[in-house]
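Below you'll find the structure, written out as structure tokens, and then a few comments.
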Amino acid sequence: MLLIDQRIRRSLVSGIAATTLFSSAMAAVAAPHLEPGPEPTVHTQEAFAPEGTFTAKWTRADARQIKRMSDPRAVSRQSSMPAEYTMPNVPQDFPDMSNEQVWVWDSWPLTDANANQYSVNGQEIIFSLVADRNLVFDERHVFAKIGYFYRPAGIPANLRPANGGWTYGGLVFDEGVTGQIFEDQSYSHQTQWSGSARIFPGGEIKLFFTDVAFYRDAAGKDIKPYDPKIALSVGKVHANKEGVKFTGFDKVIPLLSADGTYYQTGEQNPYFNFRDPFTFEDPAHPGETFMVFEGNSAMPRESATCSAEDLGYREGDPYAETVEQVNASGATYQIGNIGLAKAKNADLTEWEFLPPILSANCVTDQTERPQIYMKDGKYYLFTISHRGTYAAGLDGPEGVYGFVGNGIRSDYQPMNQGSGLVLGNPTNLNFNGGFPFAPDYNQPFGHFQSYSHYVMPGGLVQSFIDTIGTEGNFRRGGTLAPTVKIDIEGASSAVDYSYGAYGDGLGGWADIPANLNVNPGGQSQPLKK
């Protein structure tokens with residue numbers, strides 16, 4: 001690895017001088033200026049019983065704080081968002097972690113019940129959604145499979161190969177295994193979407209994921225709504241200095257399908273979201289295992305409405321919208337939520353739905369890859385969302401959104417000025433966004449640079465590269481981005497621009513470090529670096 005060349009490349013991000021990055025780091029110290037607009041909803045962070053009925057709301061008043069933080073004077077190709085909530089620019093000449101074997105996007109580590117990240121017998125292991133490189137990148141979603149990568153543990157990022165040093169181990173499932181659980185076997189495509197992986201004594205791995213069947217005709221039109229199920233498969237990991245292999249993963253257990261009571265179904269909305277299981281144990285409820293996942297509020301698409309509570313304006317706020325205005329705007333098509341389920345047995349093969357812990361009615365349609373993150377006795381609920389899934393009248397960058405409370409089920413307070421924005425791509429909200437395959441001319445270099453972020457121990461954040469560059473000069477991704485770091489304190493966070501070997505806020509490419517190691521005897525120890 002040529003460290004000097006890499007440093008030069010990182011100092012010059014497609015013509016962006018290193019002084020720009022330095023200026024951004026300095027700007028991160030100051031609190032963002034707020035343009036005139038509504039005040040955010042008051043949230044108490046109060047905790048309720050996980051089995052309770054209280055659902056926190058990410059309101060329109062909250063989400064409108066994002067636009068208040070945006071600089072209306074930002075010109076074409078300049079980010080309008082505060083630097084402290086913005087991911088540094090990722091260089092366009094990125095290396096490929098799979099050595100061009102597969103497209104790679106959503107990725108997750110091997111963890112325990114407390115989200116510690118494990119290596120096994122000295123090998124770090126991650127799971128990723130992968131697809132054949134012969135596919136057009138944007139066709140990958142209906143052909144996604146779960147693959148895995150491994151690399152030696154305990155090596156600093158700056159001493160690894162430029163692409164992160166991962167070896168692609170192949171697919172987790174044999175062909176046909178994951179399609180067996182669907183009642184209707186006439187599917188046209190059968191795919192696997194994101195989840196999480198837990199390690200147990202003896203090297204047992206419980207892989208929670210989204211098992212999906214599509215029913216389309218030869219022209220690609222839906223014959224009936226797609227069928228996503230939250231599912232479990234169990235295998236065993238075998239690791240030594242030569243590499244990593246799995247046995248098992250030859251059976252899939254269906255756990256949950258959307259119920260139409262708390263979580264929208266295909267009959268209620270053919271474009272519904274139900275996916276991305278993340279399991280964990282709550283120190284406040286020893287011996288109980290919970291799951292968060294992405295859902296939509298269970299209302300029929302064409303008759304959905306939002307309430308004054310969904311809007312969340314303070315009484316007398318001169319910038320408030322009315323319920324009638326919002327419901328007439330088309331915002332009711334965006335009714336994302338974050339669901340909660342509880343395991344009914346120790347094997348984690350039986351689960352029951354609980355009411356959602358967060359709703360985003362008339363705010364956004366997607367609350368992808370939710371996770372619970374613990375720090376200083378606080379519960380942080382992180383999720384990701386696209387700029388293009390915001391409801392009418394709202395806007396915000398692609399990236400991470402966060403909420404803080406005193407328990408799993410809390411009156412979650414959106415972080416950072418009450419907005420929820422934690423880590424967005426460089427974005428100019430004064431102009432349209434375009435699409436990853438066709439960026440708008442006016443958007444900055446990194447508008448679609450990364451997505452599907454996952455917050456790791458110590459505030460490290462990994463994501464995958466989608467599109468880097470501007471109209472007429474962009475490169476599609478399909479590999480993991482550099483890891484970045486956010487500093488979290490109470491209801492606030494900020495990007496650590498001093499992180500990384502070169503002090504530009506960018507860590508190693510595809511860097512997902514373990515903090516604990518499991519040895520062959522099943523004992524875990526802190527990983528020495």
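Letters A, B, ... go to the chains of the structure tokens in the order shown; residues in each chain start at 1; ligands are counted from 1 in the same order.
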
Pick out the residues sitting within 8 Å of segment 360-364 of chain A, and hand them over as an mmCIF file with N, CA, C and O atoms, in the first residue's frame; count only C-alpha atoms, and ignore anything fewer than 5 positions along from it in its own chain.
data_model
loop_
_atom_site.group_PDB
_atom_site.id
_atom_site.type_symbol
_atom_site.label_atom_id
_atom_site.label_comp_id
_atom_site.auth_asym_id
_atom_site.auth_seq_id
_atom_site.Cartn_x
_atom_site.Cartn_y
_atom_site.Cartn_z
ATOM 1 N N LYS A 57 -42.892 9.994 18.353
ATOM 2 C CA LYS A 57 -43.130 10.527 17.023
ATOM 3 C C LYS A 57 -41.971 11.417 16.579
ATOM 4 O O LYS A 57 -41.565 12.320 17.303
ATOM 5 N N TRP A 58 -41.437 11.102 15.416
ATOM 6 C CA TRP A 58 -40.554 12.027 14.714
ATOM 7 C C TRP A 58 -41.483 12.890 13.883
ATOM 8 O O TRP A 58 -42.036 12.470 12.888
ATOM 9 N N THR A 59 -41.716 14.099 14.343
ATOM 10 C CA THR A 59 -42.789 14.924 13.803
ATOM 11 C C THR A 59 -42.314 15.795 12.640
ATOM 12 O O THR A 59 -41.119 15.972 12.403
ATOM 13 N N ARG A 60 -43.277 16.374 11.964
ATOM 14 C CA ARG A 60 -42.928 17.329 10.913
ATOM 15 C C ARG A 60 -42.236 18.551 11.499
ATOM 16 O O ARG A 60 -41.310 19.104 10.886
ATOM 17 N N ALA A 63 -38.631 17.446 11.888
ATOM 18 C CA ALA A 63 -37.915 17.288 10.622
ATOM 19 C C ALA A 63 -37.682 18.624 9.925
ATOM 20 O O ALA A 63 -36.706 18.770 9.170
ATOM 21 N N SER A 297 -46.549 2.438 9.101
ATOM 22 C CA SER A 297 -47.749 2.473 9.926
ATOM 23 C C SER A 297 -48.902 1.790 9.185
ATOM 24 O O SER A 297 -49.096 2.001 7.990
ATOM 25 N N CYS A 306 -52.768 11.835 8.622
ATOM 26 C CA CYS A 306 -51.873 12.184 9.719
ATOM 27 C C CYS A 306 -52.589 13.135 10.670
ATOM 28 O O CYS A 306 -53.467 13.905 10.266
ATOM 29 N N ASP A 310 -48.838 13.949 14.820
ATOM 30 C CA ASP A 310 -47.809 13.640 13.820
ATOM 31 C C ASP A 310 -47.120 14.914 13.339
ATOM 32 O O ASP A 310 -45.933 14.898 13.016
ATOM 33 N N LEU A 311 -47.869 16.003 13.305
ATOM 34 C CA LEU A 311 -47.277 17.277 12.901
ATOM 35 C C LEU A 311 -46.424 17.853 14.030
ATOM 36 O O LEU A 311 -45.352 18.402 13.783
ATOM 37 N N VAL A 326 -51.531 19.385 5.368
ATOM 38 C CA VAL A 326 -50.596 18.269 5.232
ATOM 39 C C VAL A 326 -51.274 17.062 4.582
ATOM 40 O O VAL A 326 -50.719 16.432 3.670
ATOM 41 N N ALA A 331 -48.441 14.086 1.581
ATOM 42 C CA ALA A 331 -47.489 13.626 2.605
ATOM 43 C C ALA A 331 -47.923 12.324 3.261
ATOM 44 O O ALA A 331 -47.100 11.639 3.874
ATOM 45 N N THR A 332 -49.187 11.972 3.138
ATOM 46 C CA THR A 332 -49.692 10.758 3.787
ATOM 47 C C THR A 332 -49.168 9.476 3.134
ATOM 48 O O THR A 332 -49.368 8.381 3.669
ATOM 49 N N TYR A 333 -48.507 9.587 1.988
ATOM 50 C CA TYR A 333 -47.896 8.403 1.387
ATOM 51 C C TYR A 333 -46.604 8.008 2.108
ATOM 52 O O TYR A 333 -46.077 6.922 1.875
ATOM 53 N N GLN A 334 -46.093 8.885 2.943
ATOM 54 C CA GLN A 334 -44.849 8.616 3.674
ATOM 55 C C GLN A 334 -45.186 8.383 5.152
ATOM 56 O O GLN A 334 -45.393 9.346 5.902
ATOM 57 N N ILE A 335 -45.261 7.122 5.559
ATOM 58 C CA ILE A 335 -45.684 6.794 6.924
ATOM 59 C C ILE A 335 -44.779 5.698 7.503
ATOM 60 O O ILE A 335 -45.234 4.637 7.928
ATOM 61 N N GLY A 336 -43.478 5.956 7.511
ATOM 62 C CA GLY A 336 -42.528 4.989 8.045
ATOM 63 C C GLY A 336 -42.624 4.859 9.550
ATOM 64 O O GLY A 336 -43.028 5.789 10.250
ATOM 65 N N ASN A 337 -42.243 3.697 10.062
ATOM 66 C CA ASN A 337 -42.098 3.538 11.512
ATOM 67 C C ASN A 337 -40.977 2.558 11.827
ATOM 68 O O ASN A 337 -40.407 1.927 10.926
ATOM 69 N N SER A 385 -32.209 7.061 6.190
ATOM 70 C CA SER A 385 -33.300 7.423 5.292
ATOM 71 C C SER A 385 -32.739 8.173 4.085
ATOM 72 O O SER A 385 -31.665 8.775 4.152
ATOM 73 N N THR A 389 -37.182 9.972 -0.007
ATOM 74 C CA THR A 389 -38.345 9.368 0.657
ATOM 75 C C THR A 389 -38.993 10.303 1.663
ATOM 76 O O THR A 389 -39.923 9.901 2.375
ATOM 77 N N TYR A 390 -38.536 11.553 1.744
ATOM 78 C CA TYR A 390 -39.202 12.530 2.604
ATOM 79 C C TYR A 390 -40.577 12.878 2.056
ATOM 80 O O TYR A 390 -40.812 12.873 0.846
ATOM 81 N N ALA A 391 -41.474 13.201 2.959
ATOM 82 C CA ALA A 391 -42.828 13.592 2.589
ATOM 83 C C ALA A 391 -42.841 14.994 1.974
ATOM 84 O O ALA A 391 -41.908 15.790 2.162
ATOM 85 N N ALA A 392 -43.915 15.301 1.271
ATOM 86 C CA ALA A 392 -44.086 16.616 0.665
ATOM 87 C C ALA A 392 -43.909 17.711 1.716
ATOM 88 O O ALA A 392 -44.426 17.618 2.827
ATOM 89 N N LEU A 394 -41.012 18.537 3.115
ATOM 90 C CA LEU A 394 -39.840 18.294 3.958
ATOM 91 C C LEU A 394 -38.650 17.925 3.085
ATOM 92 O O LEU A 394 -38.800 17.495 1.943
#

>> as JSON, numbers by chain, please: every residue in segment 258-507 of chain A that DSSP puts in strand (DSSP E or B).
In response: {"A": [263, 275, 276, 277, 278, 279, 280, 281, 289, 290, 291, 292, 293, 294, 295, 296, 297, 335, 336, 337, 338, 339, 340, 341, 342, 343, 351, 352, 353, 354, 355, 356, 357, 358, 359, 360, 361, 364, 368, 369, 370, 371, 372, 373, 374, 375, 378, 379, 380, 381, 382, 383, 384, 385, 390, 399, 400, 401, 402, 403, 404, 405, 409, 410, 413, 414, 421, 422, 423, 424, 434, 435, 438, 439, 450, 451, 452, 453, 454, 455, 460, 461, 462, 463, 464, 465, 467, 468, 469, 470, 473, 474, 475, 476, 480, 482, 484, 485, 486, 487, 488, 489, 492, 493, 494, 495]}

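Shortest atom-to-atom contact with Asn134 of chain A among A:Phe182, A:Phe435, A:Phe149, A:Trp103: A:Trp103, counting only C-alpha atoms.
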
> Which residue gives the smallest distance to Ala83 of chain A among A:Ile223, A:Val518, A:Ala31, A:Ala61, with only C-alpha atoms counted?
Replying inline: A:Ala31

> Using only C-alpha atoms, which of A:Leu256, A:Gln92, A:Lys485, A:Asp174 sits nearest Gln449 of chain A?
Replying inline: A:Gln92

>> So, with only C-alpha atoms as the atoms that count, which of A:Ser98, A:Asn269, A:Thr483, A:Gln185 lies closest to Val455 of chain A?
In response: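 Closest to Val455 of chain A of all the choices is A:Thr483.
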
> Restricting the calculation to only C-alpha atoms, which member of A:Tyr502, A:Tyr168, A:Tyr319, A:Phe464 is positioned closest to Phe94 of chain A?
Replying inline: A:Phe464
